[in-house]
Each structure stands twice: as C-alpha cells, then as structure tokens.
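A.B. asks: Before I ask anything, here is the structure I am working with.
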Amino acid sequence: MPLDLPYDEPTVLGAGVVKRPARLADGRELIYYDDPDTTLGPDRAVDARELDPRPATATMRQDVLTGDWISVAAARQNRAFLPPADLDPLAPQTPTNPSEIPSRYDVAVFENKSPSFGPALAAATGAAPAGENPPEGLDDLQQLGLGRSRTSVGRCEVVCFSPDTAGSFGTQSVTRARTVIEAWADRTAALSALPGVEQVFPFENRGEAIGVTLGHPHGQIYSYPYITPRTARTLDSIERTAPTLFQDILDFERAGERVVLEGLRWTAYVPFAARWPLEVHMMPHRQVADFAETDEAERDELARLYLMLLRGVDRLYDTVPTPTPHDADASHGASGRGAPTPYIAAWHQAPVHVARDTYRLHLELTSPRRAADKLKFLAGSEAAMGAWIADIPPETAAARLRDALEGVQL
C-alpha cells in the first residue's frame, strides 16, 4: 500500500525534524526522522539484502457473539524472539547483522515484516499479495453472521526510538522524544489517508512481563480497518452522556486529588476508576482528535512531561519482578532505585472518519506491577467476564507516583 511521495526528497517537519523516505529491499517503506541537532549526514545506505517475498495479507474472522474481528496472522509466528544485541533486527545494519535498517539513524519507522494488518493490493513496490475479500466499509463490518471473514486490510509499522540496543521511550533525551512525537504526528496523518484505514493507534510495549520480544527501544503503530472495540464503547458513552465528555473528565480530574503531573497544555492523572495497579492517563487541555492535530507548543510540552512521567514510573519500585510459572509473585532480577517497570503506553486517537470533534487524543499507560515483587495477572473475573477488581485505590496510586516524580530530572 505505497504512498504517493517523492521518496528521494527530504522534508523539514516541525521542530526542525527532517524526514527522509526510503525503501527496504522487499519494497516496504522505511522513513528516517533526523533530530534537529543530528550528527548524521544526508546520505542513507541502500538495503542490499535478498529477502523472501512478503507474506500474504492476513485474514480476519468475526466473533458473532461480540461482533469483534480477530486477525489471524500466522506469519507472526516466525518473528524474532529476544535475540542477542549483536543480532538486533532494529539496530543499524552491520556486516554481521543484516537488520531491517540499512543506515545509522536517530528515529526510524518502517513497515512490519510480518504484519497483523497489511496491504489491500499488490504493487510494483513489492507489496504483499492480498486476499480477495477486503472489507466494504464500516457498515459491512458491523453486520453479524456466522463464518464471516475479510482480508485484514491496514498497516503495521515499527517506530525505532534510537539506534541503541537497549532502553525505552523514557530513556531518550528531550530532543529525541520531540522527534518521535513529530514522527507519530506525521505517520498518523499519512496512515489516516490510506484507503480502508478507520483508526490509527501508536503504542509502546515495554518489558518481558508485557510480552515484549525485542529489547530495542521501539514502539509500533497499528492502522485498523475498523473502529476498535474499546473506542466503540467510548463513543457509546459519549452518545449517552455529552459530546463534551472528555473535557468533563479532565475538569473532574484536575479538581481532584489524583493529578500527578500538570503543564500548561497537558495533564496526567490516575483515573477515578483505574483498573490496573499502575494506571495513568494524560490528556491535552483542548480538543484534538489525534497527534496530527496537535500544535508545536503541545508537542514541545508533551516531550518533557511524557519523559518525566515515564521516569517517575521507573522510580516507583526497587526491583524488577520476573515471575516464574510456579510462583506468580516471585521476584528475580536487578535491584536499585529506578529499575524498569513493565507497561503498555497506549495513545488513543479518534477514528479517522467519525467523532473527530468529540473523541480526544489521550494516553493510557498501564502496568501489571502491583508491588516491588508482585504482578497482577488477569484471571477469571477480568479475563473471562471483563469484570475488574482493583488492587490499589487510585488515590493511593496517585500519591505514590507524585512522590516518585519529585526526584525526576531531565
């Protein structure tokens, strides 16, 4: 699903970030985003690898009991699993490491090799062959029926925050964080313009307890052919309450005791009905549907506040819990203040074509870590029934995080 862009021409984006489009050997898009103070030159190496053809676009099947669509992406079974640093597929290529990125970079974004959602059509650029049953719009996908399937049209991209082989978003500099935010905004706009895409979702999984298979500092962007179940429920809540629901929530939280970090344009808080032992939401003070709608001042402030929040999260506990199959509460690993905490950082954005003036961009950062040596696992009530039981009062969690944030420095 190539974009109509001049791949040989760089573009200057906000904050002085330079965008340099390229291609991988199998035709997948690769985009470099250079920091404003980059030490890199303008040239980028050509990807000279001989790669297998890209896998066919996956198929999704409908669960008729819920209406949910389940993408069946068998090619993902072969993805890398915790490789050693010298074989890191997200590091710049070397003679001994034929990784996915040919040149050294600041930030790089590329199409996933084994995506859950892929191109609708084959193309001369090497796009994967597609199935013969693409979705026919939201009305088609909202119908219910036994045995319904469609091609998993969409896009999955990998966002590399750094060429380093270890770290996370929170370990980056303010300048680098700003570059990543610019890349999120740029990719959100580009992916939203692709045929068949209904929602764009940037996120970062951090830590083996979450299921991360690569230690390299990176996130992902999923572009779905439908409105996700979580977003659909929120849209229903907006319909049942008021079009100002997100602003009402922000006003409610800013007047309470669960705020953990506040700027001129963003506020982070532990929500009133937090599900997870560590759960923090961050929301802009004005209505913006997605990253592409944020302005320069909002992106600048977010780079600093988001880094502060993530570093505060890492100061909450002294040890890294690594439970074994026989002891869910066992703890093994490094000790010391600031040990990494596993989390999912989910940036919820408005659907591409609906609710743009009511659904607000916001972060939901969640961690299963309920103590220094304990993790919360989703068992019967949560996993089977979706009925949550919280372990820590949100007010207590907010107070702990505020204490941890006091020592954060950028």
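The chains in the structure tokens are called A, B, ... from first to last as shown; in each chain the residues are counted from 1, and the ligands are counted from 1 in the order shown.
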For the alpha helix (DSSP H) assignment from backbone DSSP, which residues of region 4-179 of chain A qualify? Please present them as a list in words.
C.D. replies: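 For region 4-179 of chain A, the alpha helix (DSSP H) set is Leu138, Asp139, Asp140, Leu141, Gln142, Val174, Thr175, Arg176, Ala177, Arg178 and Thr179 of chain A.
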A.B. asks: If we count only C-alpha atoms and set the cut-off at 12 Å, which residues sit around region 243-246 of chain A, ignoring sequence neighbours fewer than 2 positions away in its own chain? Please answer as a PyMOL selection string.
C.D. replies: chain A and resi 234-241+248-253+281-289+350+355-362
A.B. asks: Each residue of region 124-202 of chain A with at least one atom at most 10 Å from region 9-19 of chain A should appear once, together with its nearest atom pair and the corresponding distance in Å (one decimal); atoms considered: only C-alpha atoms; ordering: chain, then increasing residue number; output as CSV.
C.D. replies:
```
residue,atom,partner,partner_atom,distance
A:Thr175,CA,A:Ala15,CA,9.2
A:Arg176,CA,A:Val17,CA,9.8
A:Arg178,CA,A:Ala15,CA,7.8
A:Thr179,CA,A:Val17,CA,6.3
A:Val180,CA,A:Val17,CA,9.5
A:Ile181,CA,A:Gly14,CA,9.9
A:Glu182,CA,A:Gly14,CA,6.8
A:Ala183,CA,A:Lys19,CA,8.4
A:Ala185,CA,A:Gly14,CA,9.8
A:Asp186,CA,A:Leu13,CA,8.4
```
A.B. asks: Would you mind telling me which residue in A:Pro135, A:Gly170, A:Pro342, A:Gly145 lies nearest to Glu279 (chain A) when using only C-alpha atoms?
C.D. replies: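 Using only C-alpha atoms, the shortest distance to Glu279 (chain A) belongs to A:Pro342.
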A.B. asks: Write out as a PDB file with all heavy atoms, in the first residue's frame each polymer residue whose atoms come within 8 Å of region 59-69 of chain A, counting only C-alpha atoms; drop sequence neighbours fewer than 3 positions from it.
C.D. replies:
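New file result.pdb:
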```pdb
ATOM      1  N   VAL A  72      -6.119 -13.215  11.960  1.00  0.00           N
ATOM      2  CA  VAL A  72      -5.345 -14.458  12.032  1.00  0.00           C
ATOM      3  C   VAL A  72      -4.107 -14.267  11.169  1.00  0.00           C
ATOM      4  O   VAL A  72      -4.156 -14.378   9.943  1.00  0.00           O
ATOM      5  CB  VAL A  72      -6.178 -15.669  11.554  1.00  0.00           C
ATOM      6  CG1 VAL A  72      -5.372 -16.950  11.692  1.00  0.00           C
ATOM      7  CG2 VAL A  72      -7.488 -15.761  12.328  1.00  0.00           C
ATOM      8  N   ALA A  73      -2.986 -13.958  11.827  1.00  0.00           N
ATOM      9  CA  ALA A  73      -1.750 -13.591  11.129  1.00  0.00           C
ATOM     10  C   ALA A  73      -0.677 -14.628  11.439  1.00  0.00           C
ATOM     11  O   ALA A  73       0.191 -14.420  12.295  1.00  0.00           O
ATOM     12  CB  ALA A  73      -1.296 -12.200  11.541  1.00  0.00           C
ATOM     13  N   GLY A 131      -5.718 -10.841   0.002  1.00  0.00           N
ATOM     14  CA  GLY A 131      -6.823 -11.748  -0.208  1.00  0.00           C
ATOM     15  C   GLY A 131      -7.847 -11.134  -1.148  1.00  0.00           C
ATOM     16  O   GLY A 131      -7.704 -10.007  -1.615  1.00  0.00           O
ATOM     17  N   GLN A 142     -19.892  -4.066  10.594  1.00  0.00           N
ATOM     18  CA  GLN A 142     -20.767  -4.060  11.761  1.00  0.00           C
ATOM     19  C   GLN A 142     -21.899  -5.075  11.669  1.00  0.00           C
ATOM     20  O   GLN A 142     -22.572  -5.350  12.655  1.00  0.00           O
ATOM     21  CB  GLN A 142     -21.327  -2.647  11.966  1.00  0.00           C
ATOM     22  CG  GLN A 142     -20.270  -1.663  12.464  1.00  0.00           C
ATOM     23  CD  GLN A 142     -20.737  -0.221  12.434  1.00  0.00           C
ATOM     24  OE1 GLN A 142     -21.827   0.086  11.953  1.00  0.00           O
ATOM     25  NE2 GLN A 142     -19.905   0.671  12.946  1.00  0.00           N
ATOM     26  N   GLN A 143     -22.099  -5.648  10.482  1.00  0.00           N
ATOM     27  CA  GLN A 143     -23.106  -6.700  10.357  1.00  0.00           C
ATOM     28  C   GLN A 143     -22.629  -7.961  11.063  1.00  0.00           C
ATOM     29  O   GLN A 143     -21.428  -8.190  11.209  1.00  0.00           O
ATOM     30  CB  GLN A 143     -23.383  -6.990   8.887  1.00  0.00           C
ATOM     31  CG  GLN A 143     -23.988  -5.820   8.125  1.00  0.00           C
ATOM     32  CD  GLN A 143     -24.217  -6.149   6.662  1.00  0.00           C
ATOM     33  OE1 GLN A 143     -24.368  -7.319   6.291  1.00  0.00           O
ATOM     34  NE2 GLN A 143     -24.208  -5.121   5.815  1.00  0.00           N
ATOM     35  N   LEU A 144     -23.572  -8.786  11.507  1.00  0.00           N
ATOM     36  CA  LEU A 144     -23.249 -10.030  12.207  1.00  0.00           C
ATOM     37  C   LEU A 144     -23.663 -11.231  11.372  1.00  0.00           C
ATOM     38  O   LEU A 144     -24.689 -11.204  10.686  1.00  0.00           O
ATOM     39  CB  LEU A 144     -23.964 -10.085  13.561  1.00  0.00           C
ATOM     40  CG  LEU A 144     -23.498  -9.107  14.639  1.00  0.00           C
ATOM     41  CD1 LEU A 144     -24.406  -9.217  15.859  1.00  0.00           C
ATOM     42  CD2 LEU A 144     -22.062  -9.374  15.019  1.00  0.00           C
ATOM     43  N   GLY A 145     -22.849 -12.296  11.464  1.00  0.00           N
ATOM     44  CA  GLY A 145     -23.183 -13.527  10.767  1.00  0.00           C
ATOM     45  C   GLY A 145     -22.171 -14.610  11.055  1.00  0.00           C
ATOM     46  O   GLY A 145     -21.010 -14.336  11.359  1.00  0.00           O
ATOM     47  N   LEU A 146     -22.588 -15.837  10.980  1.00  0.00           N
ATOM     48  CA  LEU A 146     -21.690 -16.965  11.195  1.00  0.00           C
ATOM     49  C   LEU A 146     -20.711 -17.103  10.033  1.00  0.00           C
ATOM     50  O   LEU A 146     -21.081 -16.922   8.868  1.00  0.00           O
ATOM     51  CB  LEU A 146     -22.492 -18.254  11.337  1.00  0.00           C
ATOM     52  CG  LEU A 146     -23.264 -18.438  12.644  1.00  0.00           C
ATOM     53  CD1 LEU A 146     -24.217 -19.632  12.527  1.00  0.00           C
ATOM     54  CD2 LEU A 146     -22.294 -18.655  13.791  1.00  0.00           C
ATOM     55  N   GLY A 147     -19.467 -17.387  10.350  1.00  0.00           N
ATOM     56  CA  GLY A 147     -18.472 -17.680   9.332  1.00  0.00           C
ATOM     57  C   GLY A 147     -18.050 -16.500   8.488  1.00  0.00           C
ATOM     58  O   GLY A 147     -17.535 -16.687   7.376  1.00  0.00           O
ATOM     59  N   ARG A 148     -18.208 -15.282   8.986  1.00  0.00           N
ATOM     60  CA  ARG A 148     -17.821 -14.106   8.208  1.00  0.00           C
ATOM     61  C   ARG A 148     -16.316 -13.859   8.321  1.00  0.00           C
ATOM     62  O   ARG A 148     -15.743 -13.911   9.406  1.00  0.00           O
ATOM     63  CB  ARG A 148     -18.568 -12.858   8.679  1.00  0.00           C
ATOM     64  CG  ARG A 148     -20.077 -12.933   8.542  1.00  0.00           C
ATOM     65  CD  ARG A 148     -20.700 -11.570   8.813  1.00  0.00           C
ATOM     66  NE  ARG A 148     -20.535 -10.680   7.668  1.00  0.00           N
ATOM     67  CZ  ARG A 148     -20.281  -9.383   7.750  1.00  0.00           C
ATOM     68  NH1 ARG A 148     -20.116  -8.810   8.934  1.00  0.00           N
ATOM     69  NH2 ARG A 148     -20.168  -8.638   6.664  1.00  0.00           N
ATOM     70  N   SER A 149     -15.667 -13.578   7.208  1.00  0.00           N
ATOM     71  CA  SER A 149     -14.243 -13.256   7.198  1.00  0.00           C
ATOM     72  C   SER A 149     -13.982 -12.164   6.167  1.00  0.00           C
ATOM     73  O   SER A 149     -14.743 -11.998   5.212  1.00  0.00           O
ATOM     74  CB  SER A 149     -13.391 -14.493   6.889  1.00  0.00           C
ATOM     75  OG  SER A 149     -13.656 -14.961   5.572  1.00  0.00           O
ATOM     76  N   ARG A 150     -12.904 -11.428   6.405  1.00  0.00           N
ATOM     77  CA  ARG A 150     -12.477 -10.380   5.494  1.00  0.00           C
ATOM     78  C   ARG A 150     -10.947 -10.327   5.504  1.00  0.00           C
ATOM     79  O   ARG A 150     -10.299 -10.782   6.459  1.00  0.00           O
ATOM     80  CB  ARG A 150     -13.019  -9.004   5.919  1.00  0.00           C
ATOM     81  CG  ARG A 150     -14.541  -8.862   5.838  1.00  0.00           C
ATOM     82  CD  ARG A 150     -15.010  -8.806   4.395  1.00  0.00           C
ATOM     83  NE  ARG A 150     -16.447  -8.537   4.302  1.00  0.00           N
ATOM     84  CZ  ARG A 150     -17.384  -9.481   4.268  1.00  0.00           C
ATOM     85  NH1 ARG A 150     -17.033 -10.765   4.341  1.00  0.00           N
ATOM     86  NH2 ARG A 150     -18.662  -9.159   4.155  1.00  0.00           N
ATOM     87  N   THR A 151     -10.369  -9.746   4.462  1.00  0.00           N
ATOM     88  CA  THR A 151      -8.930  -9.517   4.448  1.00  0.00           C
ATOM     89  C   THR A 151      -8.575  -8.458   5.488  1.00  0.00           C
ATOM     90  O   THR A 151      -9.291  -7.471   5.639  1.00  0.00           O
ATOM     91  CB  THR A 151      -8.480  -9.048   3.057  1.00  0.00           C
ATOM     92  OG1 THR A 151      -8.864 -10.018   2.089  1.00  0.00           O
ATOM     93  CG2 THR A 151      -6.967  -8.857   3.009  1.00  0.00           C
ATOM     94  N   SER A 152      -7.486  -8.664   6.227  1.00  0.00           N
ATOM     95  CA  SER A 152      -7.052  -7.743   7.290  1.00  0.00           C
ATOM     96  C   SER A 152      -6.325  -6.545   6.680  1.00  0.00           C
ATOM     97  O   SER A 152      -5.110  -6.386   6.804  1.00  0.00           O
ATOM     98  CB  SER A 152      -6.138  -8.469   8.281  1.00  0.00           C
ATOM     99  OG  SER A 152      -6.839  -9.482   8.957  1.00  0.00           O
ATOM    100  N   PRO A 229     -12.939  -2.190  19.376  1.00  0.00           N
ATOM    101  CA  PRO A 229     -13.992  -2.370  20.385  1.00  0.00           C
ATOM    102  C   PRO A 229     -13.907  -1.377  21.537  1.00  0.00           C
ATOM    103  O   PRO A 229     -14.930  -0.871  22.010  1.00  0.00           O
ATOM    104  CB  PRO A 229     -13.770  -3.805  20.868  1.00  0.00           C
ATOM    105  CG  PRO A 229     -13.150  -4.505  19.703  1.00  0.00           C
ATOM    106  CD  PRO A 229     -12.266  -3.473  19.059  1.00  0.00           C
TER     107      PRO A 229
END
```
A.B. asks: CA of Ala242 (chain A) and CA of Ala398 (chain A), how far apart in Å?
C.D. replies: 27.1 Å
A.B. asks: Rank A:Thr94, A:Ser168, A:Asn112, A:Thr366 by their smallest atom-to-atom distance to Glu29 (chain A), using only C-alpha atoms, and report the top residue only.
C.D. replies: A:Asn112
A.B. asks: For Ser367 (chain A), please output as a ChimeraX atom specification all residues within 12 Å (counting only C-alpha atoms; exclusion window: fewer than 3 positions along the same chain).
C.D. replies: /A:204-210,274-280,310,313-314,316,321,340-346,364,370-371,374-378,397
A.B. asks: Based on the selection just made, write N, CA, C and O atoms of those residues as a short mmCIF file (atom, residue, chain, number, x, y, z; two decimals), in the first residue's frame.
C.D. replies:
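Output file again-v4.cif is given in full below:
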```
data_model
loop_
_atom_site.label_atom_id
_atom_site.label_comp_id
_atom_site.auth_asym_id
_atom_site.auth_seq_id
_atom_site.Cartn_x
_atom_site.Cartn_y
_atom_site.Cartn_z
N GLU A 204 3.51 1.72 22.78
CA GLU A 204 4.79 1.12 23.16
C GLU A 204 4.54 0.04 24.19
O GLU A 204 3.90 0.27 25.21
N ASN A 205 5.02 -1.16 23.92
CA ASN A 205 5.06 -2.24 24.91
C ASN A 205 6.45 -2.24 25.52
O ASN A 205 7.44 -2.26 24.80
N ARG A 206 6.52 -2.29 26.85
CA ARG A 206 7.84 -2.24 27.50
C ARG A 206 7.94 -3.35 28.54
O ARG A 206 7.12 -3.44 29.45
N GLY A 207 8.92 -4.24 28.39
CA GLY A 207 9.20 -5.25 29.39
C GLY A 207 8.73 -6.64 29.02
O GLY A 207 7.69 -6.81 28.39
N GLU A 208 9.49 -7.64 29.43
CA GLU A 208 9.14 -9.03 29.14
C GLU A 208 7.84 -9.43 29.81
O GLU A 208 7.12 -10.31 29.32
N ALA A 209 7.50 -8.81 30.94
CA ALA A 209 6.25 -9.14 31.62
C ALA A 209 5.03 -8.76 30.77
O ALA A 209 3.95 -9.31 30.96
N ILE A 210 5.22 -7.83 29.84
CA ILE A 210 4.15 -7.45 28.92
C ILE A 210 4.12 -8.37 27.71
O ILE A 210 3.13 -8.46 27.00
N ALA A 274 -9.60 3.52 37.99
CA ALA A 274 -8.45 2.81 37.43
C ALA A 274 -8.60 1.31 37.61
O ALA A 274 -8.95 0.83 38.70
N ARG A 275 -8.31 0.56 36.56
CA ARG A 275 -8.37 -0.89 36.61
C ARG A 275 -7.06 -1.50 37.12
O ARG A 275 -7.06 -2.45 37.88
N TRP A 276 -5.95 -0.96 36.63
CA TRP A 276 -4.64 -1.56 36.88
C TRP A 276 -4.01 -0.98 38.14
O TRP A 276 -4.30 0.16 38.51
N PRO A 277 -3.10 -1.73 38.78
CA PRO A 277 -2.43 -1.20 39.97
C PRO A 277 -1.61 0.05 39.65
O PRO A 277 -1.42 0.91 40.52
N LEU A 278 -1.13 0.17 38.43
CA LEU A 278 -0.48 1.39 37.96
C LEU A 278 -1.15 1.78 36.66
O LEU A 278 -1.04 1.08 35.64
N GLU A 279 -1.90 2.86 36.70
CA GLU A 279 -2.62 3.34 35.51
C GLU A 279 -2.63 4.86 35.53
O GLU A 279 -3.06 5.48 36.51
N VAL A 280 -2.12 5.45 34.48
CA VAL A 280 -2.05 6.91 34.37
C VAL A 280 -2.58 7.32 33.00
O VAL A 280 -2.21 6.73 31.98
N LEU A 310 7.28 8.94 32.53
CA LEU A 310 7.87 7.62 32.38
C LEU A 310 9.03 7.40 33.36
O LEU A 310 9.20 6.30 33.89
N VAL A 313 7.54 6.71 36.75
CA VAL A 313 7.06 5.33 36.81
C VAL A 313 8.21 4.37 37.15
O VAL A 313 8.05 3.43 37.92
N ASP A 314 9.39 4.64 36.60
CA ASP A 314 10.54 3.77 36.87
C ASP A 314 11.13 3.97 38.26
O ASP A 314 11.99 3.20 38.68
N LEU A 316 9.18 4.04 40.99
CA LEU A 316 8.19 3.58 41.96
C LEU A 316 8.69 2.42 42.81
O LEU A 316 8.35 2.30 43.99
N PRO A 321 10.18 -7.31 38.94
CA PRO A 321 9.55 -8.61 39.14
C PRO A 321 9.62 -9.46 37.88
O PRO A 321 9.30 -9.02 36.79
N PRO A 340 13.52 -0.72 35.82
CA PRO A 340 12.44 -0.57 34.84
C PRO A 340 11.13 -1.23 35.27
O PRO A 340 11.13 -2.31 35.86
N THR A 341 10.03 -0.59 34.97
CA THR A 341 8.70 -1.11 35.23
C THR A 341 8.04 -1.47 33.91
O THR A 341 8.05 -0.67 32.98
N PRO A 342 7.47 -2.67 33.80
CA PRO A 342 6.79 -3.04 32.55
C PRO A 342 5.52 -2.23 32.38
O PRO A 342 4.83 -1.92 33.34
N TYR A 343 5.20 -1.87 31.13
CA TYR A 343 3.98 -1.11 30.90
C TYR A 343 3.54 -1.23 29.45
O TYR A 343 4.29 -1.66 28.57
N ILE A 344 2.31 -0.82 29.21
CA ILE A 344 1.79 -0.57 27.88
C ILE A 344 1.43 0.91 27.83
O ILE A 344 0.64 1.39 28.64
N ALA A 345 2.03 1.64 26.91
CA ALA A 345 1.72 3.05 26.72
C ALA A 345 0.87 3.15 25.45
O ALA A 345 1.37 3.01 24.34
N ALA A 346 -0.43 3.37 25.63
CA ALA A 346 -1.40 3.34 24.53
C ALA A 346 -1.90 4.74 24.24
O ALA A 346 -2.51 5.38 25.10
N GLU A 364 -3.15 6.28 27.70
CA GLU A 364 -3.48 5.40 28.82
C GLU A 364 -2.26 4.50 29.05
O GLU A 364 -1.98 3.61 28.26
N ARG A 370 1.98 -4.61 40.77
CA ARG A 370 1.21 -4.17 41.93
C ARG A 370 2.05 -4.02 43.19
O ARG A 370 1.57 -3.55 44.22
N ALA A 371 3.29 -4.43 43.13
CA ALA A 371 4.24 -4.26 44.23
C ALA A 371 5.63 -4.49 43.67
O ALA A 371 5.80 -4.90 42.52
N LYS A 374 5.58 -8.21 42.89
CA LYS A 374 4.33 -8.87 42.50
C LYS A 374 3.77 -8.25 41.23
O LYS A 374 3.87 -7.05 41.00
N LEU A 375 3.16 -9.11 40.40
CA LEU A 375 2.46 -8.69 39.19
C LEU A 375 1.00 -9.09 39.28
O LEU A 375 0.66 -10.11 39.87
N LYS A 376 0.14 -8.26 38.71
CA LYS A 376 -1.28 -8.61 38.60
C LYS A 376 -1.50 -9.38 37.31
O LYS A 376 -1.14 -8.91 36.23
N PHE A 377 -2.08 -10.56 37.42
CA PHE A 377 -2.43 -11.35 36.25
C PHE A 377 -3.93 -11.31 36.05
O PHE A 377 -4.70 -11.36 37.02
N LEU A 378 -4.37 -11.22 34.80
CA LEU A 378 -5.79 -11.22 34.52
C LEU A 378 -6.30 -12.66 34.56
O LEU A 378 -6.03 -13.46 33.66
N ALA A 397 -2.44 5.20 44.59
CA ALA A 397 -1.52 5.08 43.47
C ALA A 397 -1.04 6.46 43.01
O ALA A 397 0.15 6.64 42.69
#
```
A.B. asks: Hey, what's within 9 Å of Leu214 (chain A) if we count only C-alpha atoms and toss same-chain stuff fewer than 3 positions away? As a list in words, please?
C.D. replies: Ala80, Phe81, Leu82, Pro83, Asp88, Pro89, Leu90, Gly207, Glu208, Pro217 and His218 of chain A
A.B. asks: Just the selected residues (N, CA, C and O atoms), exported as a PDB file, in the first residue's frame, please.
C.D. replies:
```
ATOM      1  N   ALA A  80      11.189 -12.481  15.373  1.00  0.00           N
ATOM      2  CA  ALA A  80      12.326 -12.625  16.280  1.00  0.00           C
ATOM      3  C   ALA A  80      11.852 -12.642  17.735  1.00  0.00           C
ATOM      4  O   ALA A  80      10.898 -11.949  18.107  1.00  0.00           O
ATOM      5  N   PHE A  81      12.568 -13.434  18.557  1.00  0.00           N
ATOM      6  CA  PHE A  81      12.200 -13.541  19.972  1.00  0.00           C
ATOM      7  C   PHE A  81      13.441 -13.342  20.830  1.00  0.00           C
ATOM      8  O   PHE A  81      14.319 -14.199  20.898  1.00  0.00           O
ATOM      9  N   LEU A  82      13.549 -12.167  21.456  1.00  0.00           N
ATOM     10  CA  LEU A  82      14.623 -11.826  22.380  1.00  0.00           C
ATOM     11  C   LEU A  82      16.009 -12.213  21.834  1.00  0.00           C
ATOM     12  O   LEU A  82      16.772 -12.954  22.475  1.00  0.00           O
ATOM     13  N   PRO A  83      16.384 -11.708  20.658  1.00  0.00           N
ATOM     14  CA  PRO A  83      17.696 -12.029  20.098  1.00  0.00           C
ATOM     15  C   PRO A  83      18.799 -11.329  20.886  1.00  0.00           C
ATOM     16  O   PRO A  83      18.560 -10.337  21.579  1.00  0.00           O
ATOM     17  N   ASP A  88      20.375  -7.769  16.786  1.00  0.00           N
ATOM     18  CA  ASP A  88      19.187  -6.939  16.974  1.00  0.00           C
ATOM     19  C   ASP A  88      18.636  -6.523  15.604  1.00  0.00           C
ATOM     20  O   ASP A  88      19.300  -5.799  14.861  1.00  0.00           O
ATOM     21  N   PRO A  89      17.411  -6.931  15.243  1.00  0.00           N
ATOM     22  CA  PRO A  89      16.882  -6.588  13.912  1.00  0.00           C
ATOM     23  C   PRO A  89      16.488  -5.124  13.761  1.00  0.00           C
ATOM     24  O   PRO A  89      16.176  -4.686  12.655  1.00  0.00           O
ATOM     25  N   LEU A  90      16.503  -4.359  14.858  1.00  0.00           N
ATOM     26  CA  LEU A  90      16.152  -2.942  14.784  1.00  0.00           C
ATOM     27  C   LEU A  90      17.371  -2.032  14.877  1.00  0.00           C
ATOM     28  O   LEU A  90      17.237  -0.812  14.795  1.00  0.00           O
ATOM     29  N   GLY A 207       8.923  -4.239  28.392  1.00  0.00           N
ATOM     30  CA  GLY A 207       9.204  -5.247  29.394  1.00  0.00           C
ATOM     31  C   GLY A 207       8.726  -6.637  29.019  1.00  0.00           C
ATOM     32  O   GLY A 207       7.688  -6.814  28.389  1.00  0.00           O
ATOM     33  N   GLU A 208       9.493  -7.640  29.425  1.00  0.00           N
ATOM     34  CA  GLU A 208       9.136  -9.025  29.138  1.00  0.00           C
ATOM     35  C   GLU A 208       7.836  -9.432  29.815  1.00  0.00           C
ATOM     36  O   GLU A 208       7.115 -10.307  29.319  1.00  0.00           O
ATOM     37  N   PRO A 217      14.751  -0.164  22.071  1.00  0.00           N
ATOM     38  CA  PRO A 217      13.741   0.870  22.345  1.00  0.00           C
ATOM     39  C   PRO A 217      12.895   1.179  21.111  1.00  0.00           C
ATOM     40  O   PRO A 217      13.383   1.776  20.144  1.00  0.00           O
ATOM     41  N   HIS A 218      11.642   0.767  21.154  1.00  0.00           N
ATOM     42  CA  HIS A 218      10.784   0.945  19.989  1.00  0.00           C
ATOM     43  C   HIS A 218       9.316   0.887  20.391  1.00  0.00           C
ATOM     44  O   HIS A 218       8.961   0.434  21.476  1.00  0.00           O
TER      45      HIS A 218
END
```
A.B. asks: In Å, with one decimal, what is the gap from CA of Val46 (chain A) to CA of Phe161 (chain A)?
C.D. replies: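 Interatomic distance here is 20.8 Å.
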